[in-house]
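Engineer: Structure incoming, see below.
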Amino acid sequence: MDFPIFKKSLSDLNFLKGKSQSVVGIDIGSSYIKIVQLKKKNERAVLETYGELAVAPYKKEPIGRVVHLDDQRIIKALSDINKEAGITTKNSIVSVPLRKSFVTVLEFPRMSDSDLEKAIPFEARKYIPVPLSEVLMNWQIIPLSSFSEGQNEAKPVVNILLAAVYKDVIEKFRNIISSAGFEFTAFEIEIFSSARSNMRQEVYPVLVIDFGASTTKMAIVERGIVRLVYSLDRGSQDLTLALARSLNIDFPRAENLKREIGLSNKPEHKDLASVMESILTFIFSDANHMILEYRKRHNRSVEKIIISGGGALAAGIVDFSVNKFGMQVELANPFSKVQYPAFLEPVLSRSGSIFSNAIGLALREL
């Protein structure tokens, strides 16, 4: 399953020319950097190494806190995780935050490809609030197979998935990655990477929720195509901070309670769970609006939800989500698409969801 956004746009970056057998996916988050190195062997993706590094200590903050590092500190952190994880390739693909991007679906009357090429930039100006000269933009036609079988295929419209990223953001990442000793081979908007690593062969709509530290990203994916994207500025750190305030404890203790007890339904944990429930209810309310909007637009219902990111590690979040959404909910398991030593199974099955973006990035290049 492929999400080929921006592949044509990166020909000037020596994209895919002379690539080695191994590739490393780099996900620079606001609380952790995640890195995964894969290689292709016998048509399968094989895990070579992986690593996770908290960035808060680089600003003398507690592990897990959201911090904004300057470029030099990010370079230092990347160099450190490179050494700690034992990365052996320089070929890298980097995750771009959704908040630094624009993703939408455009609808046009059926027309020739040449007319479509001319029409898209004009329509894109309505959705991209900066001059098009300041972004790298790409698009793909959403194939008819991504619609429901009952939809009228003679409907005289064509749907376009449009994505754009600020050029200065790409240049910033290029400089950081290069300074840290990697080759900036390609980039991808994070929600596409997460969808790639977590989707299987589902033919029905699936909601992928990437529950990050500072933001929550959501995408409805149907038949391998990202159809609807949404982001909000609340994330798993909001749960930790709320617990710290409510229980009058420090951040590390609150973070531990979130992961170890979380949404427990035991009577002695009622106060703790209620604090988390109020924030999750707010976030899931937006997710429900997204599900209803998709059903209204396409007459198709989301049938499954996949939760990834650091917030997915909160104890009890899957059961809580099932009760809130009333449908199948799964914890992301991106390592299921990768071969790895059996002794890693307990660790990767428990915490693998936080590597969804990094794995999806690396898979894109294999």
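By convention in this document, the chains of the structure tokens carry letters A, B, ... by their order, each chain's residues are numbered from 1, and ligands are numbered from 1 in the order they are shown.
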Tell me, as an NGL selection string, which residues lie within 12 Å of A:Phe284, counting only C-alpha atoms; anything in the same chain fewer than 2 positions away does not count.
Structural biologist: :A and (207 or 209 or 211 or 216-218 or 231-232 or 234-235 or 277-282 or 286-291 or 305 or 307 or 317 or 320-326)
Engineer: Within stretch 26-252 of chain A, find each residue whose DSSP state, derived from the backbone, is alpha helix (DSSP H), and express the selection as an mmCIF file with N, CA, C and O atoms, in the first residue's frame.
Structural biologist:
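Final file, result34.cif:
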data_model
loop_
_atom_site.group_PDB
_atom_site.id
_atom_site.type_symbol
_atom_site.label_atom_id
_atom_site.label_comp_id
_atom_site.auth_asym_id
_atom_site.auth_seq_id
_atom_site.Cartn_x
_atom_site.Cartn_y
_atom_site.Cartn_z
ATOM 1 N N ASP A 71 17.620 24.284 16.304
ATOM 2 C CA ASP A 71 18.179 23.351 15.324
ATOM 3 C C ASP A 71 19.415 22.631 15.845
ATOM 4 O O ASP A 71 19.594 21.426 15.607
ATOM 5 N N GLN A 72 20.283 23.336 16.568
ATOM 6 C CA GLN A 72 21.515 22.718 17.053
ATOM 7 C C GLN A 72 21.236 21.609 18.054
ATOM 8 O O GLN A 72 21.916 20.572 18.053
ATOM 9 N N ARG A 73 20.243 21.800 18.901
ATOM 10 C CA ARG A 73 19.905 20.749 19.864
ATOM 11 C C ARG A 73 19.277 19.545 19.150
ATOM 12 O O ARG A 73 19.495 18.395 19.552
ATOM 13 N N ILE A 74 18.476 19.792 18.117
ATOM 14 C CA ILE A 74 17.902 18.684 17.358
ATOM 15 C C ILE A 74 19.006 17.885 16.674
ATOM 16 O O ILE A 74 19.000 16.646 16.668
ATOM 17 N N ILE A 75 19.966 18.588 16.107
ATOM 18 C CA ILE A 75 21.104 17.925 15.461
ATOM 19 C C ILE A 75 21.857 17.068 16.469
ATOM 20 O O ILE A 75 22.226 15.919 16.188
ATOM 21 N N LYS A 76 22.077 17.612 17.665
ATOM 22 C CA LYS A 76 22.772 16.861 18.714
ATOM 23 C C LYS A 76 21.972 15.613 19.103
ATOM 24 O O LYS A 76 22.539 14.512 19.246
ATOM 25 N N ALA A 77 20.660 15.777 19.245
ATOM 26 C CA ALA A 77 19.819 14.647 19.617
ATOM 27 C C ALA A 77 19.833 13.575 18.529
ATOM 28 O O ALA A 77 19.915 12.369 18.824
ATOM 29 N N LEU A 78 19.771 13.981 17.274
ATOM 30 C CA LEU A 78 19.821 13.015 16.173
ATOM 31 C C LEU A 78 21.156 12.288 16.129
ATOM 32 O O LEU A 78 21.205 11.072 15.888
ATOM 33 N N SER A 79 22.229 13.017 16.371
ATOM 34 C CA SER A 79 23.549 12.391 16.408
ATOM 35 C C SER A 79 23.639 11.376 17.533
ATOM 36 O O SER A 79 24.203 10.284 17.375
ATOM 37 N N ASP A 80 23.029 11.708 18.680
ATOM 38 C CA ASP A 80 23.052 10.796 19.823
ATOM 39 C C ASP A 80 22.264 9.521 19.545
ATOM 40 O O ASP A 80 22.730 8.407 19.827
ATOM 41 N N ILE A 81 21.059 9.663 19.000
ATOM 42 C CA ILE A 81 20.238 8.470 18.751
ATOM 43 C C ILE A 81 20.832 7.641 17.609
ATOM 44 O O ILE A 81 20.714 6.410 17.594
ATOM 45 N N ASN A 82 21.495 8.301 16.693
ATOM 46 C CA ASN A 82 22.192 7.596 15.618
ATOM 47 C C ASN A 82 23.232 6.636 16.206
ATOM 48 O O ASN A 82 23.317 5.457 15.832
ATOM 49 N N LYS A 83 24.007 7.146 17.174
ATOM 50 C CA LYS A 83 25.034 6.321 17.812
ATOM 51 C C LYS A 83 24.422 5.243 18.696
ATOM 52 O O LYS A 83 24.846 4.074 18.673
ATOM 53 N N GLU A 84 23.431 5.626 19.501
ATOM 54 C CA GLU A 84 22.833 4.680 20.442
ATOM 55 C C GLU A 84 22.142 3.519 19.727
ATOM 56 O O GLU A 84 22.209 2.375 20.172
ATOM 57 N N ALA A 85 21.471 3.830 18.614
ATOM 58 C CA ALA A 85 20.735 2.788 17.894
ATOM 59 C C ALA A 85 21.635 1.987 16.963
ATOM 60 O O ALA A 85 21.226 0.934 16.473
ATOM 61 N N ASP A 113 -6.425 15.247 -18.616
ATOM 62 C CA ASP A 113 -5.313 15.391 -17.682
ATOM 63 C C ASP A 113 -4.627 16.742 -17.824
ATOM 64 O O ASP A 113 -4.231 17.358 -16.829
ATOM 65 N N SER A 114 -4.490 17.213 -19.047
ATOM 66 C CA SER A 114 -3.826 18.505 -19.261
ATOM 67 C C SER A 114 -4.639 19.649 -18.677
ATOM 68 O O SER A 114 -4.083 20.584 -18.082
ATOM 69 N N ASP A 115 -5.969 19.587 -18.827
ATOM 70 C CA ASP A 115 -6.816 20.625 -18.232
ATOM 71 C C ASP A 115 -6.794 20.544 -16.713
ATOM 72 O O ASP A 115 -6.837 21.569 -16.015
ATOM 73 N N LEU A 116 -6.716 19.314 -16.188
ATOM 74 C CA LEU A 116 -6.660 19.128 -14.742
ATOM 75 C C LEU A 116 -5.377 19.726 -14.173
ATOM 76 O O LEU A 116 -5.382 20.372 -13.114
ATOM 77 N N GLU A 117 -4.275 19.532 -14.864
ATOM 78 C CA GLU A 117 -2.984 20.102 -14.446
ATOM 79 C C GLU A 117 -3.080 21.615 -14.307
ATOM 80 O O GLU A 117 -2.478 22.219 -13.415
ATOM 81 N N LYS A 118 -3.831 22.242 -15.197
ATOM 82 C CA LYS A 118 -3.983 23.691 -15.156
ATOM 83 C C LYS A 118 -4.980 24.132 -14.090
ATOM 84 O O LYS A 118 -4.814 25.188 -13.467
ATOM 85 N N ALA A 119 -6.018 23.321 -13.859
ATOM 86 C CA ALA A 119 -7.091 23.727 -12.952
ATOM 87 C C ALA A 119 -6.709 23.586 -11.482
ATOM 88 O O ALA A 119 -7.146 24.398 -10.646
ATOM 89 N N ILE A 120 -5.896 22.581 -11.153
ATOM 90 C CA ILE A 120 -5.585 22.310 -9.748
ATOM 91 C C ILE A 120 -4.905 23.488 -9.049
ATOM 92 O O ILE A 120 -5.307 23.854 -7.936
ATOM 93 N N PRO A 121 -3.879 24.126 -9.628
ATOM 94 C CA PRO A 121 -3.257 25.259 -8.930
ATOM 95 C C PRO A 121 -4.238 26.393 -8.620
ATOM 96 O O PRO A 121 -4.145 27.015 -7.557
ATOM 97 N N PHE A 122 -5.176 26.647 -9.532
ATOM 98 C CA PHE A 122 -6.152 27.704 -9.287
ATOM 99 C C PHE A 122 -7.062 27.346 -8.108
ATOM 100 O O PHE A 122 -7.340 28.174 -7.237
ATOM 101 N N GLU A 123 -7.515 26.095 -8.060
ATOM 102 C CA GLU A 123 -8.374 25.664 -6.967
ATOM 103 C C GLU A 123 -7.592 25.577 -5.653
ATOM 104 O O GLU A 123 -8.117 25.869 -4.579
ATOM 105 N N ALA A 124 -6.319 25.186 -5.750
ATOM 106 C CA ALA A 124 -5.491 25.030 -4.549
ATOM 107 C C ALA A 124 -5.337 26.344 -3.798
ATOM 108 O O ALA A 124 -5.203 26.358 -2.569
ATOM 109 N N LYS A 167 8.092 25.266 1.683
ATOM 110 C CA LYS A 167 9.452 25.032 1.207
ATOM 111 C C LYS A 167 10.489 25.297 2.296
ATOM 112 O O LYS A 167 11.495 24.582 2.398
ATOM 113 N N ASP A 168 10.247 26.314 3.123
ATOM 114 C CA ASP A 168 11.237 26.611 4.161
ATOM 115 C C ASP A 168 11.277 25.525 5.226
ATOM 116 O O ASP A 168 12.318 25.287 5.849
ATOM 117 N N VAL A 169 10.161 24.823 5.435
ATOM 118 C CA VAL A 169 10.146 23.691 6.364
ATOM 119 C C VAL A 169 11.014 22.559 5.817
ATOM 120 O O VAL A 169 11.805 21.951 6.549
ATOM 121 N N ILE A 170 10.881 22.288 4.520
ATOM 122 C CA ILE A 170 11.692 21.243 3.899
ATOM 123 C C ILE A 170 13.171 21.599 3.963
ATOM 124 O O ILE A 170 14.025 20.755 4.257
ATOM 125 N N GLU A 171 13.485 22.858 3.711
ATOM 126 C CA GLU A 171 14.877 23.281 3.755
ATOM 127 C C GLU A 171 15.441 23.169 5.172
ATOM 128 O O GLU A 171 16.595 22.767 5.367
ATOM 129 N N LYS A 172 14.622 23.479 6.169
ATOM 130 C CA LYS A 172 15.044 23.358 7.567
ATOM 131 C C LYS A 172 15.365 21.899 7.895
ATOM 132 O O LYS A 172 16.418 21.603 8.482
ATOM 133 N N PHE A 173 14.481 20.989 7.498
ATOM 134 C CA PHE A 173 14.722 19.580 7.760
ATOM 135 C C PHE A 173 15.946 19.077 7.000
ATOM 136 O O PHE A 173 16.724 18.273 7.518
ATOM 137 N N ARG A 174 16.105 19.532 5.776
ATOM 138 C CA ARG A 174 17.256 19.114 4.986
ATOM 139 C C ARG A 174 18.561 19.489 5.690
ATOM 140 O O ARG A 174 19.492 18.691 5.797
ATOM 141 N N ASN A 175 18.624 20.721 6.207
ATOM 142 C CA ASN A 175 19.837 21.190 6.882
ATOM 143 C C ASN A 175 20.095 20.420 8.175
ATOM 144 O O ASN A 175 21.242 20.058 8.486
ATOM 145 N N ILE A 176 19.035 20.167 8.937
ATOM 146 C CA ILE A 176 19.173 19.436 10.200
ATOM 147 C C ILE A 176 19.649 18.010 9.951
ATOM 148 O O ILE A 176 20.596 17.526 10.586
ATOM 149 N N ILE A 177 18.977 17.327 9.029
ATOM 150 C CA ILE A 177 19.309 15.931 8.744
ATOM 151 C C ILE A 177 20.736 15.801 8.217
ATOM 152 O O ILE A 177 21.501 14.918 8.629
ATOM 153 N N SER A 178 21.108 16.685 7.310
ATOM 154 C CA SER A 178 22.461 16.644 6.743
ATOM 155 C C SER A 178 23.516 16.925 7.808
ATOM 156 O O SER A 178 24.563 16.258 7.857
ATOM 157 N N SER A 179 23.248 17.881 8.676
ATOM 158 C CA SER A 179 24.200 18.224 9.730
ATOM 159 C C SER A 179 24.366 17.099 10.737
ATOM 160 O O SER A 179 25.407 16.995 11.394
ATOM 161 N N GLU A 190 3.396 13.226 7.988
ATOM 162 C CA GLU A 190 3.351 12.154 8.978
ATOM 163 C C GLU A 190 2.115 11.262 8.911
ATOM 164 O O GLU A 190 2.213 10.047 9.109
ATOM 165 N N ILE A 191 0.957 11.815 8.620
ATOM 166 C CA ILE A 191 -0.252 10.997 8.673
ATOM 167 C C ILE A 191 -0.259 9.930 7.579
ATOM 168 O O ILE A 191 -0.836 8.858 7.741
ATOM 169 N N PHE A 192 0.426 10.188 6.447
ATOM 170 C CA PHE A 192 0.527 9.183 5.383
ATOM 171 C C PHE A 192 1.404 8.012 5.835
ATOM 172 O O PHE A 192 1.116 6.851 5.540
ATOM 173 N N SER A 193 2.474 8.327 6.563
ATOM 174 C CA SER A 193 3.371 7.278 7.067
ATOM 175 C C SER A 193 2.649 6.401 8.076
ATOM 176 O O SER A 193 2.763 5.166 8.053
ATOM 177 N N SER A 194 1.895 7.039 8.973
ATOM 178 C CA SER A 194 1.163 6.291 9.985
ATOM 179 C C SER A 194 0.125 5.378 9.350
ATOM 180 O O SER A 194 -0.043 4.220 9.752
ATOM 181 N N ALA A 195 -0.565 5.886 8.333
ATOM 182 C CA ALA A 195 -1.565 5.064 7.651
ATOM 183 C C ALA A 195 -0.912 3.870 6.964
ATOM 184 O O ALA A 195 -1.425 2.744 7.023
ATOM 185 N N ARG A 196 0.214 4.097 6.307
ATOM 186 C CA ARG A 196 0.899 3.007 5.605
ATOM 187 C C ARG A 196 1.294 1.875 6.551
ATOM 188 O O ARG A 196 1.164 0.700 6.242
ATOM 189 N N SER A 197 1.820 2.225 7.705
ATOM 190 C CA SER A 197 2.339 1.190 8.607
ATOM 191 C C SER A 197 1.240 0.446 9.352
ATOM 192 O O SER A 197 1.482 -0.660 9.855
ATOM 193 N N ASN A 198 0.043 1.019 9.412
ATOM 194 C CA ASN A 198 -1.009 0.414 10.239
ATOM 195 C C ASN A 198 -2.168 -0.187 9.463
ATOM 196 O O ASN A 198 -2.903 -1.010 10.002
ATOM 197 N N SER A 236 -1.355 13.680 24.130
ATOM 198 C CA SER A 236 -1.208 12.863 25.330
ATOM 199 C C SER A 236 -0.570 13.625 26.486
ATOM 200 O O SER A 236 -0.781 13.280 27.653
ATOM 201 N N GLN A 237 0.204 14.693 26.194
ATOM 202 C CA GLN A 237 0.760 15.464 27.295
ATOM 203 C C GLN A 237 -0.332 16.172 28.082
ATOM 204 O O GLN A 237 -0.197 16.388 29.292
ATOM 205 N N ASP A 238 -1.430 16.519 27.418
ATOM 206 C CA ASP A 238 -2.545 17.147 28.129
ATOM 207 C C ASP A 238 -3.095 16.222 29.207
ATOM 208 O O ASP A 238 -3.523 16.686 30.273
ATOM 209 N N LEU A 239 -3.083 14.923 28.950
ATOM 210 C CA LEU A 239 -3.511 13.961 29.964
ATOM 211 C C LEU A 239 -2.572 13.990 31.166
ATOM 212 O O LEU A 239 -3.015 14.012 32.325
ATOM 213 N N THR A 240 -1.280 14.000 30.884
ATOM 214 C CA THR A 240 -0.282 13.993 31.958
ATOM 215 C C THR A 240 -0.352 15.267 32.790
ATOM 216 O O THR A 240 -0.318 15.221 34.031
ATOM 217 N N LEU A 241 -0.452 16.410 32.135
ATOM 218 C CA LEU A 241 -0.508 17.687 32.852
ATOM 219 C C LEU A 241 -1.774 17.783 33.699
ATOM 220 O O LEU A 241 -1.743 18.308 34.823
ATOM 221 N N ALA A 242 -2.882 17.286 33.176
ATOM 222 C CA ALA A 242 -4.129 17.313 33.939
ATOM 223 C C ALA A 242 -4.034 16.440 35.187
ATOM 224 O O ALA A 242 -4.505 16.814 36.266
ATOM 225 N N LEU A 243 -3.404 15.275 35.037
ATOM 226 C CA LEU A 243 -3.210 14.403 36.193
ATOM 227 C C LEU A 243 -2.297 15.056 37.226
ATOM 228 O O LEU A 243 -2.554 14.975 38.440
ATOM 229 N N ALA A 244 -1.240 15.693 36.758
ATOM 230 C CA ALA A 244 -0.305 16.344 37.682
ATOM 231 C C ALA A 244 -1.000 17.442 38.482
ATOM 232 O O ALA A 244 -0.796 17.565 39.697
ATOM 233 N N ARG A 245 -1.839 18.233 37.811
ATOM 234 C CA ARG A 245 -2.552 19.314 38.506
ATOM 235 C C ARG A 245 -3.599 18.750 39.462
ATOM 236 O O ARG A 245 -3.711 19.185 40.608
ATOM 237 N N SER A 246 -4.378 17.804 38.976
ATOM 238 C CA SER A 246 -5.485 17.278 39.771
ATOM 239 C C SER A 246 -5.006 16.527 41.005
ATOM 240 O O SER A 246 -5.601 16.654 42.090
ATOM 241 N N LEU A 247 -3.927 15.761 40.855
ATOM 242 C CA LEU A 247 -3.436 14.938 41.957
ATOM 243 C C LEU A 247 -2.287 15.584 42.721
ATOM 244 O O LEU A 247 -1.766 15.009 43.679
ATOM 245 N N PHE A 251 5.422 15.825 37.129
ATOM 246 C CA PHE A 251 5.174 15.328 35.779
ATOM 247 C C PHE A 251 5.586 13.862 35.599
ATOM 248 O O PHE A 251 4.795 13.063 35.062
ATOM 249 N N PRO A 252 6.788 13.455 36.018
ATOM 250 C CA PRO A 252 7.176 12.049 35.828
ATOM 251 C C PRO A 252 6.220 11.069 36.504
ATOM 252 O O PRO A 252 5.894 10.025 35.930
#
Engineer: Would you return as number ranges by chain the members of stretch 202-346 of chain A that DSSP assigns to strand (DSSP E) on this structure's backbone?
Structural biologist: A: 206-211, 216-222, 225-232, 304-308, 328-331
Engineer: Suppose you want the space between atom CA of A:Gln21 and atom CA of A:Leu47; what is it in Å?
Structural biologist: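 Separating atom CA of A:Gln21 from atom CA of A:Leu47 is a distance of 12.2 Å.
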Engineer: What does the structure give for the distance between atom CA of A:Ala315 and atom CA of A:Asn256, in Å to one decimal?
Structural biologist: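 Value for the atom CA of A:Ala315-atom CA of A:Asn256 distance: 10.1 Å.
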Engineer: Using atom CA of A:Tyr127 and atom CA of A:Val103 as the two end points, give the distance in Å to one decimal.
Structural biologist: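 Computing it gives 8.9 Å between the two atoms.
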Engineer: So which one's closest to A:Arg364, A:Ala56, A:Met111, A:Phe187, A:Thr88? Using only C-alpha atoms, please.
Structural biologist: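 Ranked by minimum distance to A:Arg364, first place goes to A:Phe187.
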Engineer: Can you tell me, as a list in words, what residues are no more than 9 Å from A:Val105 when counting only C-alpha atoms, ignoring any on the same chain fewer than 5 positions away?
Structural biologist: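 Answer for this query is Ile142, Asn159, Ile160, Leu161, Leu162, Ala163, Arg227 and Leu228 of chain A.
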Engineer: Residues near A:Ser30, anyone? I mean within 8 Å using only C-alpha atoms, not counting same-chain ones fewer than 2 positions away, as a PyMOL selection string.
Structural biologist: chain A and resi 28+32-33+55+66-68+213-214
Engineer: Would you save the residues of that selection, restricted to N, CA and C atoms, as a PDB file, in the first residue's frame?
Structural biologist:
ATOM      1  N   ILE A  28      10.756  13.094  13.992  1.00  0.00           N
ATOM      2  CA  ILE A  28      11.166  14.063  15.012  1.00  0.00           C
ATOM      3  C   ILE A  28       9.916  14.641  15.662  1.00  0.00           C
ATOM      4  N   TYR A  32       9.656  13.079  21.693  1.00  0.00           N
ATOM      5  CA  TYR A  32      10.600  11.988  21.411  1.00  0.00           C
ATOM      6  C   TYR A  32      10.999  12.018  19.939  1.00  0.00           C
ATOM      7  N   ILE A  33      12.215  11.562  19.685  1.00  0.00           N
ATOM      8  CA  ILE A  33      12.644  11.251  18.324  1.00  0.00           C
ATOM      9  C   ILE A  33      12.608   9.736  18.186  1.00  0.00           C
ATOM     10  N   VAL A  55      13.464  14.145  24.053  1.00  0.00           N
ATOM     11  CA  VAL A  55      14.151  15.403  23.724  1.00  0.00           C
ATOM     12  C   VAL A  55      14.116  16.408  24.870  1.00  0.00           C
ATOM     13  N   VAL A  66       6.776  18.040  26.365  1.00  0.00           N
ATOM     14  CA  VAL A  66       6.865  18.658  25.044  1.00  0.00           C
ATOM     15  C   VAL A  66       7.794  19.853  25.130  1.00  0.00           C
ATOM     16  N   VAL A  67       8.789  19.904  24.263  1.00  0.00           N
ATOM     17  CA  VAL A  67       9.717  21.030  24.213  1.00  0.00           C
ATOM     18  C   VAL A  67       9.961  21.401  22.758  1.00  0.00           C
ATOM     19  N   HIS A  68      10.391  22.619  22.552  1.00  0.00           N
ATOM     20  CA  HIS A  68      10.735  23.097  21.217  1.00  0.00           C
ATOM     21  C   HIS A  68      12.234  23.368  21.192  1.00  0.00           C
ATOM     22  N   ALA A 213       2.151  13.718  21.391  1.00  0.00           N
ATOM     23  CA  ALA A 213       2.297  14.398  22.679  1.00  0.00           C
ATOM     24  C   ALA A 213       1.591  15.743  22.698  1.00  0.00           C
ATOM     25  N   SER A 214       1.748  16.525  21.635  1.00  0.00           N
ATOM     26  CA  SER A 214       1.170  17.873  21.613  1.00  0.00           C
ATOM     27  C   SER A 214      -0.019  18.011  20.681  1.00  0.00           C
TER      28      SER A 214
END
Engineer: Could you check the closest approach to A:Ala314 for each of A:Val302, A:Ala54, A:Ile261, A:Leu344 and tell me which residue wins, using only C-alpha atoms?
Structural biologist: A:Ile261
Engineer: Give the answer as one residue: which of A:Arg200, A:Glu260, A:Ile63, A:Gln140 has the shortest atom-to-atom distance to A:Glu107, using only C-alpha atoms?
Structural biologist: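 Smallest separation from A:Glu107 among the options: A:Gln140.
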